[in-house]
$ cat start_21.cif   # mmCIF, C-alpha atoms
data_data
loop_
_atom_site.label_atom_id
_atom_site.label_comp_id
_atom_site.auth_asym_id
_atom_site.auth_seq_id
_atom_site.Cartn_x
_atom_site.Cartn_y
_atom_site.Cartn_z
CA MET A 1 0.00 0.00 0.00
CA THR A 2 1.33 3.37 -1.03
CA VAL A 3 1.40 6.08 1.59
CA THR A 4 1.24 9.68 0.41
CA LEU A 5 2.61 12.32 2.69
CA HIS A 6 1.13 15.76 2.23
CA VAL A 7 3.62 18.43 3.22
CA PRO A 8 2.00 21.86 3.06
CA LYS A 9 4.10 24.55 1.47
CA PRO A 10 4.93 27.39 3.85
CA ASP A 11 2.86 30.53 3.52
CA THR A 12 5.39 33.08 2.31
CA ALA A 13 5.08 36.59 0.94
CA GLN A 14 6.43 35.48 -2.43
CA ARG A 15 3.78 32.77 -2.74
CA ARG A 16 1.02 35.18 -1.75
CA ALA A 17 2.24 37.66 -4.36
CA ALA A 18 2.37 34.95 -7.02
CA ALA A 19 -1.15 33.87 -6.11
CA ALA A 20 -2.45 37.38 -6.75
CA VAL A 21 -1.09 37.48 -10.31
CA ILE A 22 -3.71 36.88 -12.98
CA ARG A 23 -2.15 34.73 -15.70
CA GLY A 24 -3.58 35.35 -19.12
CA HIS A 25 -6.47 37.70 -19.70
CA GLY A 26 -8.67 36.30 -16.94
CA ARG A 27 -11.58 36.56 -19.35
CA PRO A 28 -14.48 34.29 -18.40
CA SER A 29 -15.66 31.82 -21.04
CA GLY A 30 -18.46 33.19 -23.14
CA ARG A 31 -17.16 36.75 -23.13
CA THR A 32 -15.87 38.19 -26.39
CA ALA A 33 -12.52 39.90 -26.31
CA GLY A 34 -13.96 43.19 -27.53
CA GLY A 35 -16.52 43.39 -24.75
CA TRP A 36 -13.91 42.34 -22.20
CA ILE A 37 -11.58 45.14 -23.32
CA ALA A 38 -14.50 47.60 -23.36
CA ASP A 39 -15.23 46.72 -19.73
CA LYS A 40 -11.59 47.43 -18.82
CA ILE A 41 -11.79 50.76 -20.58
CA GLY A 42 -14.94 51.59 -18.65
CA LEU A 43 -13.02 51.00 -15.42
CA ARG A 44 -10.01 52.97 -16.75
CA GLN A 45 -7.81 49.92 -16.37
CA CYS A 46 -4.54 49.50 -18.19
CA VAL A 47 -5.03 47.64 -21.49
CA ILE A 48 -2.19 45.35 -22.53
CA LEU A 49 -2.12 43.89 -26.05
CA CYS A 50 0.41 41.65 -27.77
CA ASP A 51 1.91 42.58 -31.13
CA PHE A 52 -0.72 40.49 -32.93
CA CYS A 53 -3.75 42.02 -31.19
CA VAL A 54 -2.59 45.63 -30.91
CA SER A 55 -3.65 46.55 -34.42
CA LYS A 56 -7.32 46.00 -33.47
CA PHE A 57 -7.22 48.70 -30.81
CA ASN A 58 -7.50 52.44 -31.40
CA PRO A 59 -6.45 54.09 -28.11
CA ARG A 60 -7.28 57.67 -29.09
CA LYS A 61 -10.85 56.72 -29.86
CA VAL A 62 -11.44 55.71 -26.24
CA GLY A 63 -9.30 58.34 -24.51
CA TYR A 64 -6.29 56.12 -24.01
CA GLU A 65 -2.62 56.66 -24.77
CA LEU A 66 0.48 54.52 -25.13
CA TYR A 67 2.00 53.98 -21.69
CA ARG A 68 5.60 53.72 -22.89
CA ARG A 69 7.16 53.58 -26.30
CA THR A 70 9.07 50.43 -25.36
CA THR A 71 7.63 46.91 -25.46
CA MET A 72 6.45 45.20 -22.28
CA ASN A 73 6.76 41.74 -20.80
CA ALA A 74 3.09 41.00 -20.10
CA PHE A 75 0.02 38.90 -20.81
CA CYS A 76 -2.26 40.06 -23.62
CA ASP A 77 -5.73 41.15 -22.47
CA ASP A 78 -7.20 39.99 -25.77
CA CYS A 79 -5.73 36.57 -26.62
CA GLY A 80 -4.24 35.87 -23.19
CA LYS A 81 -0.84 34.86 -24.50
CA HIS A 82 2.36 35.93 -22.81
CA SER A 83 4.28 38.40 -24.93
CA LEU A 84 7.68 40.05 -24.76
CA HIS A 85 6.50 42.59 -27.32
CA ALA A 86 3.30 43.78 -25.68
CA ALA A 87 2.08 47.35 -25.80
CA ALA A 88 0.40 48.87 -22.76
CA PHE A 89 -2.16 51.67 -22.88
CA ILE A 90 -3.31 53.82 -19.99
CA HIS A 91 -6.21 56.22 -19.63
CA SER A 92 -5.13 59.73 -20.54
CA ALA A 93 -6.22 60.99 -17.10
CA PHE A 94 -3.32 58.98 -15.61
CA HIS A 95 -0.68 60.59 -17.83
CA ASP A 96 0.65 63.00 -15.21
CA ALA A 97 0.93 60.29 -12.56
CA VAL A 98 2.43 57.41 -14.50
CA GLY A 99 2.62 58.36 -18.18
CA ASP A 100 5.66 58.71 -20.36
CA GLU A 101 7.55 61.90 -19.56
CA ARG A 102 8.35 62.26 -23.24
CA ARG A 103 5.28 63.53 -25.05
CA ILE A 104 4.56 61.81 -28.32
CA PRO A 105 3.99 64.53 -30.90
CA GLY A 106 0.67 64.33 -32.65
CA LYS A 107 1.89 65.84 -35.88
CA GLY A 108 5.08 66.84 -37.59
CA ARG A 109 8.14 64.89 -38.50
CA TRP A 110 8.35 62.86 -35.29
CA ALA A 111 4.64 62.09 -34.97
CA ARG A 112 3.67 58.54 -34.09
CA ILE A 113 3.06 56.41 -37.16
CA ARG A 114 -0.52 55.24 -37.28
CA MET B 1 5.77 57.94 -8.42
CA ASN B 2 6.61 57.07 -11.95
CA TYR B 3 8.74 54.33 -13.49
CA ALA B 4 12.10 55.73 -14.58
CA TRP B 5 14.35 52.82 -15.54
CA ASP B 6 15.39 49.31 -14.56
CA GLU B 7 18.72 49.22 -12.76
CA ILE B 8 19.75 45.98 -14.48
CA GLY B 9 18.48 47.15 -17.86
CA GLY B 10 15.57 44.74 -18.12
CA GLN B 11 12.31 45.06 -19.95
CA GLN B 12 9.40 46.49 -18.00
CA VAL B 13 7.24 43.66 -16.58
CA LEU B 14 3.52 44.39 -16.12
CA ARG B 15 1.22 42.02 -14.27
CA LYS B 16 -2.48 42.22 -13.51
CA MET B 17 -2.97 41.43 -9.84
CA LYS B 18 -5.95 40.81 -7.61
CA ILE B 19 -6.42 43.33 -4.83
CA SER B 20 -7.82 43.28 -1.33
CA ALA B 21 -7.92 47.07 -0.89
CA THR B 22 -9.00 49.88 -3.18
CA PHE B 23 -6.22 51.56 -5.19
CA ALA B 24 -7.75 55.00 -5.75
CA THR B 25 -4.84 56.64 -7.57
CA PRO B 26 -2.25 55.33 -10.03
CA GLY B 27 1.47 55.43 -9.33
CA ILE B 28 1.48 54.08 -5.79
CA TYR B 29 3.33 51.06 -4.51
CA ALA B 30 1.67 47.84 -3.40
CA THR B 31 2.58 45.27 -0.80
CA VAL B 32 1.63 41.64 -0.30
CA GLY B 33 -1.68 41.14 1.47
CA ALA B 34 -2.36 39.14 4.59
CA SER B 35 -2.46 35.34 4.54
CA ASN B 36 -6.19 35.09 3.93
CA GLY B 37 -6.54 38.30 1.93
CA ALA B 38 -7.95 38.47 -1.58
CA GLY B 39 -4.82 40.03 -3.05
CA ILE B 40 -2.32 42.83 -2.75
CA VAL B 41 -2.83 45.99 -0.68
CA VAL B 42 -1.79 49.64 -0.82
CA GLY B 43 1.67 50.32 0.64
CA LEU B 44 2.12 52.53 3.67
CA ARG B 45 3.69 55.99 3.83
CA THR B 46 6.22 55.32 6.53
CA THR B 47 6.93 51.60 6.54
CA ALA B 48 7.05 48.91 3.90
CA THR B 49 7.71 45.23 3.87
CA GLU B 50 7.08 42.69 1.12
CA GLN B 51 6.70 45.23 -1.67
CA VAL B 52 5.26 43.99 -4.95
CA GLY B 53 5.70 46.96 -7.27
CA VAL B 54 4.09 50.18 -8.42
CA THR B 55 0.66 50.48 -10.04
CA VAL B 56 -0.10 52.11 -13.39
CA ASP B 57 -3.88 52.22 -13.02
CA THR B 58 -6.58 52.09 -10.35
CA GLY B 59 -8.80 49.36 -8.96
CA THR B 60 -11.81 49.16 -6.69
CA TYR B 61 -12.04 46.35 -4.17
CA SER B 62 -15.53 45.01 -3.63
CA THR B 63 -16.98 41.98 -1.89
CA THR B 64 -20.44 42.56 -3.37
CA GLN B 65 -21.77 39.88 -5.67
CA GLY B 66 -22.08 41.12 -9.24
CA ASP B 67 -19.38 43.80 -8.93
CA ALA B 68 -16.29 43.65 -11.13
CA GLU B 69 -13.33 41.93 -9.51
CA GLY B 70 -10.77 44.39 -8.23
CA VAL B 71 -7.63 44.25 -10.35
CA VAL B 72 -4.67 46.59 -10.79
CA THR B 73 -1.73 46.54 -13.18
CA VAL B 74 1.59 46.47 -11.37
CA ILE B 75 5.18 47.02 -12.52
CA THR B 76 6.84 44.02 -10.85
CA ASN B 77 10.50 44.54 -11.81
CA PRO B 78 12.40 44.09 -8.53
CA TYR B 79 15.18 46.44 -9.64
CA ALA B 80 12.96 49.13 -11.12
CA VAL B 81 13.83 52.70 -10.21
CA TYR B 82 11.00 55.15 -9.63
CA ARG B 83 10.96 58.92 -9.91
CA MET B 84 9.34 60.84 -7.06
CA LEU B 85 8.76 64.56 -6.80
CA MET B 86 10.37 66.12 -3.71
CA VAL B 87 7.77 67.98 -1.66
CA GLY B 88 8.02 70.07 1.49
CA ASP B 89 5.41 68.28 3.55
CA GLU B 90 2.79 65.56 3.44
CA ASP B 91 0.36 67.86 1.63
CA ASN B 92 2.73 68.37 -1.32
CA ALA B 93 3.89 71.91 -0.50
CA GLN B 94 6.99 73.07 -2.34
CA LEU B 95 10.42 72.46 -0.79
CA THR B 96 11.43 74.60 2.18
CA LEU B 97 14.37 76.98 1.78
CA THR B 98 17.14 77.72 4.28
CA THR B 99 18.89 81.09 4.10
CA ASN B 100 22.46 81.37 5.36
CA SER B 101 22.85 84.12 7.95
CA VAL B 102 26.59 84.08 8.70
CA ALA B 103 29.31 84.51 6.06
CA GLU B 104 31.72 81.57 6.02
CA THR B 105 34.97 81.48 4.05
CA ALA B 106 35.78 77.76 4.38
CA GLY B 107 32.67 76.81 2.42
CA THR B 108 31.62 74.13 4.87
CA VAL B 109 29.06 75.58 7.30
CA VAL B 110 25.58 76.90 6.55
CA THR B 111 23.98 78.80 9.43
CA ILE B 112 20.23 79.13 9.32
CA THR B 113 18.20 82.30 9.62
CA THR B 114 15.70 82.52 12.47
CA GLY B 115 12.51 80.87 11.34
CA ASP B 116 14.16 78.31 9.05
CA PRO B 117 13.83 74.62 10.00
CA ALA B 118 16.47 73.50 12.51
CA PRO B 119 18.92 71.17 10.72
CA ASN B 120 18.92 68.81 13.72
CA SER B 121 15.14 68.63 14.19
CA PRO B 122 14.24 66.73 12.14
CA THR B 123 17.85 65.82 11.60
CA MET B 124 19.33 66.27 8.13
CA ASP B 125 22.63 64.66 9.13
CA GLU B 126 23.72 62.39 6.23
CA GLY B 127 21.25 64.10 3.93
CA THR B 128 22.08 66.39 1.02
CA ILE B 129 22.28 70.16 0.72
CA VAL B 130 21.98 72.05 -2.56
CA CYS B 131 22.68 75.73 -3.12
CA VAL B 132 19.88 77.52 -4.98
CA GLY B 133 20.96 81.10 -4.39
CA GLY B 134 24.48 82.54 -4.20
CA ALA B 135 27.95 81.87 -5.57
CA ASN B 136 27.65 78.10 -5.16
CA TYR B 137 24.45 77.94 -7.17
CA GLY B 138 23.67 74.41 -8.34
CA HIS B 139 26.32 72.63 -6.26
CA THR B 140 25.30 69.81 -3.93
CA ARG B 141 27.13 68.35 -0.94
CA LYS B 142 26.48 65.63 1.60
CA ILE B 143 25.69 66.91 5.08
CA THR B 144 27.94 65.28 7.66
CA ALA B 145 27.07 67.15 10.86
CA VAL B 146 24.16 69.22 12.09
CA GLY B 147 23.35 71.47 15.02
CA ALA B 148 20.31 73.46 16.05
CA THR B 149 21.36 76.34 13.81
CA SER B 150 23.89 74.92 11.37
CA ALA B 151 24.57 72.21 8.82
CA THR B 152 28.14 71.21 8.03
CA VAL B 153 29.58 69.51 4.97
CA THR B 154 32.97 67.79 4.81
CA VAL B 155 33.73 68.54 1.17
CA PRO B 156 33.69 72.34 0.96
CA PHE B 157 31.56 74.23 -1.49
CA PRO B 158 33.81 75.67 -4.22
CA ARG B 159 33.25 79.29 -3.17
CA ASP B 160 32.72 81.16 0.09
CA ILE B 161 29.26 80.97 1.61
CA ALA B 162 27.87 84.49 1.97
CA ALA B 163 25.11 85.76 4.20
CA GLY B 164 21.87 85.57 2.24
CA ASP B 165 22.86 82.51 0.19
CA VAL B 166 19.92 80.14 -0.14
CA PHE B 167 19.97 76.35 0.26
CA ILE B 168 17.63 73.37 0.26
CA LEU B 169 18.28 70.52 2.70
CA VAL B 170 16.80 67.11 1.91
CA PRO B 171 16.99 63.90 4.01
CA TRP B 172 18.36 61.67 1.26
CA THR B 173 21.78 60.79 -0.11
CA PRO B 174 22.07 58.34 -3.00
CA ASN B 175 23.48 54.92 -2.09
CA ASP B 176 24.04 55.92 1.52
CA THR B 177 23.49 53.62 4.46
CA ALA B 178 22.02 56.37 6.64
CA GLY B 179 20.44 58.71 4.11
CA ASP B 180 18.02 56.13 2.76
CA ASN B 181 14.28 55.42 3.13
CA ILE B 182 11.66 57.80 1.82
CA ASN B 183 8.67 59.13 3.73
CA LEU B 184 5.86 59.44 1.22
CA SER B 185 3.35 62.26 1.01
CA ALA B 186 -0.24 61.63 2.08
CA ASP B 187 -1.23 60.68 -1.48
CA LEU B 188 1.68 58.17 -1.60
CA ALA B 189 3.02 59.76 -4.77
CA ASN B 190 5.83 62.06 -3.64
CA ALA B 191 8.86 62.17 -1.32
CA GLU B 192 8.50 64.27 1.83
CA GLN B 193 11.31 66.63 2.85
CA ASP B 194 10.35 67.51 6.44
CA VAL B 195 11.31 64.22 8.10
CA ALA B 196 14.48 62.98 9.77
CA VAL B 197 17.10 61.19 7.70
CA GLY B 198 16.40 57.47 7.51
CA THR B 199 12.68 57.89 8.16
CA GLY B 200 10.09 56.34 5.89
CA ALA B 201 9.26 53.41 3.68
CA ASP B 202 11.92 51.04 2.37
CA PHE B 203 13.24 52.87 -0.66
CA ARG B 204 16.88 53.22 -1.63
CA PRO B 205 17.60 56.62 -3.21
CA LEU B 206 19.83 56.17 -6.24
CA ALA B 207 19.91 59.69 -7.62
CA LEU B 208 18.80 63.22 -6.82
CA GLU B 209 17.78 65.62 -9.56
CA PHE B 210 17.50 69.29 -8.65
CA ASP B 211 16.05 71.60 -11.25
CA THR B 212 18.44 74.49 -10.82
CA THR B 213 17.20 76.49 -13.77
CA SER B 214 15.74 78.79 -11.13
CA GLN B 215 15.16 78.82 -7.39
CA ALA B 216 11.42 78.46 -7.92
CA ASN B 217 11.92 75.43 -10.15
CA ALA B 218 14.30 73.86 -7.63
CA ARG B 219 11.54 74.06 -5.03
CA ARG B 220 8.80 72.51 -7.11
CA ASN B 221 10.47 70.47 -9.83
CA SER B 222 13.18 68.39 -8.12
CA TYR B 223 13.10 64.62 -8.01
CA VAL B 224 14.51 61.69 -6.12
CA TYR B 225 15.05 58.41 -7.96
CA ALA B 226 14.70 55.35 -5.74
CA ALA B 227 14.32 51.58 -5.86
CA LEU B 228 12.16 49.30 -3.73
CA VAL B 229 14.33 47.68 -1.06
CA SER B 230 11.93 45.08 0.35
CA HIS B 231 10.63 43.69 -2.93
CA VAL B 232 9.26 40.15 -2.55
CA LEU B 233 11.31 38.90 -5.50
CA THR B 234 14.56 39.90 -3.82
CA GLN B 235 13.72 38.56 -0.37
CA GLY B 236 14.44 34.88 -1.09
CA THR B 237 11.27 33.34 0.34
#
$ encode --input "start_21.cif" --output "structure tokens"
Amino acid sequence: MTVTLHVPKPDTAQRRAAAAVIRGHGRPSGRTAGGWIADKIGLRQCVILCDFCVSKFNPRKVGYELYRRTTMNAFCDDCGKHSLHAAAFIHSAFHDAVGDERRIPGKGRWARIR
Amino acid sequence: MNYAWDEIGGQQVLRKMKISATFATPGIYATVGASNGAGIVVGLRTTATEQVGVTVDTGTYSTTQGDAEGVVTVITNPYAVYRMLMVGDEDNAQLTLTTNSVAETAGTVVTITTGDPAPNSPTMDEGTIVCVGGANYGHTRKITAVGATSATVTVPFPRDIAAGDVFILVPWTPNDTAGDNINLSADLANAEQDVAVGTGADFRPLALEFDTTSQANARRNSYVYAALVSHVLTQGT
């Protein structure tokens, strides 16, 4: 007869932090990605999209802006895949608190390519 | 506070995390919640253990059925450096000035004018002093001794200190064992000047940036760059 010993893992801060992380988009089954993203926008949450999904999103249309001009290591809110080339968007109201210090020009030679 | 750079040059890591307290403003740091909590919690102004990172959005915690789950996006890089505005008090007043009242030819002692904050209460010993008015304009030095009416530096300012020269004393020195920790303002966004050296949450100042384009700008547009010291990913457990 096989005896299984259950040794509980110690409750550490690192494990509690890891438990709080939401892997993937966290989108419930039955929800479409568009509606899920729209809900996040309604709550002014940060929207993270991988390089495949980012082309579907128009941040200016919903009052969002690019968080940083560099790519992020994050999970895509749309497809849920982990990406090293993700783009993050924040609500424009958060620009002064956490936005990029370098303003992205809207027009002229160095304007963002759309 | 705002993400500035990663000290080991890594890519910025963003993670969505469950919360067990409402994060009302973006740009504040989070700590690990209690054992049976629903997620991470807002960090404290004056102490910090088990830091997780800094938020880039807001989240509302609710235990009501039907409400959206509280989630915030957190920068989890353990070696990230954050930029905090220096403010004079917990309500984000501009930095307090100190005006030298006694001429000094060695360039090492600044004597306050009556009404200025006493350099030893709260103590600025091991903090930093910057000249924002006078012949030493723009120069910074580490404070190595303080009294009720004077602050002394070991490395002299390059020119004599005249009566009427203006200085700003701050309780931080980059990479210093004593001049570390940052007491945050009431909104948890900025670094508070009017506290004793070593007081505050576990941050390690890595750089000070004084805007010396004018005295007014130095008071309201100077920054301290600091890293989280008690980050869970650097604690080993």
$ resolve_selection --input "start_21.cif" --expression "the PyMOL selection byres ((chain B) within 10 of (chain A))" --output "PyMOL selection string"
chain B and resi 1-4+10-20+25-28+31-40+49-52+54-60+68+71-75+83+189+231-237
$ residues_around --input "start_21.cif" --residues "Val197 of chain B" --least-positions-apart "6" --cutoff "10 Å" --atoms "only C-alpha atoms" --output "list of chain:residue names"
B:Asn120, B:Pro122, B:Thr123, B:Met124, B:Asp125, B:Glu126, B:Gly127, B:Thr128, B:Val170, B:Pro171, B:Trp172, B:Thr173, B:Ala178, B:Gly179, B:Asp180, B:Asn181, B:Ile182, B:Asn183
$ resolve_selection --input "start_21.cif" --expression "the PyMOL selection byres ((chain B and resi 102) around 9)" --output "VMD selection string"
chain B and resid 100 to 101 103 to 104 109 to 113 161 to 164
$ atom_distance --input "start_21.cif" --atom1 "atom CA of Ile143 of chain B" --atom2 "atom CA of Asp202 of chain B"
21.2 Å
$ resolve_selection --input "start_21.cif" --expression "the PyMOL selection byres ((chain B and resi 219) around 10)" --output "compact mmCIF listing (two decimals) with C-alpha atoms, in the coordinates of the input"
# COMPACT_ATOMS: atom_id res chain seq x y z
CA MET B 86 10.37 66.12 -3.71
CA VAL B 87 7.77 67.98 -1.66
CA GLY B 88 8.02 70.07 1.49
CA ALA B 93 3.89 71.91 -0.50
CA GLN B 94 6.99 73.07 -2.34
CA LEU B 95 10.42 72.46 -0.79
CA THR B 96 11.43 74.60 2.18
CA LEU B 97 14.37 76.98 1.78
CA VAL B 132 19.88 77.52 -4.98
CA ILE B 168 17.63 73.37 0.26
CA PHE B 210 17.50 69.29 -8.65
CA ASP B 211 16.05 71.60 -11.25
CA THR B 212 18.44 74.49 -10.82
CA SER B 214 15.74 78.79 -11.13
CA GLN B 215 15.16 78.82 -7.39
CA ALA B 216 11.42 78.46 -7.92
CA ASN B 217 11.92 75.43 -10.15
CA ALA B 218 14.30 73.86 -7.63
CA ARG B 220 8.80 72.51 -7.11
CA ASN B 221 10.47 70.47 -9.83
CA SER B 222 13.18 68.39 -8.12
$ closest_residue --input "start_21.cif" --among "A:Ala87, A:Val3, A:Asp51, A:Ser92" --to "Glu65 of chain A" --atoms "all atoms listed in the file"
A:Ser92
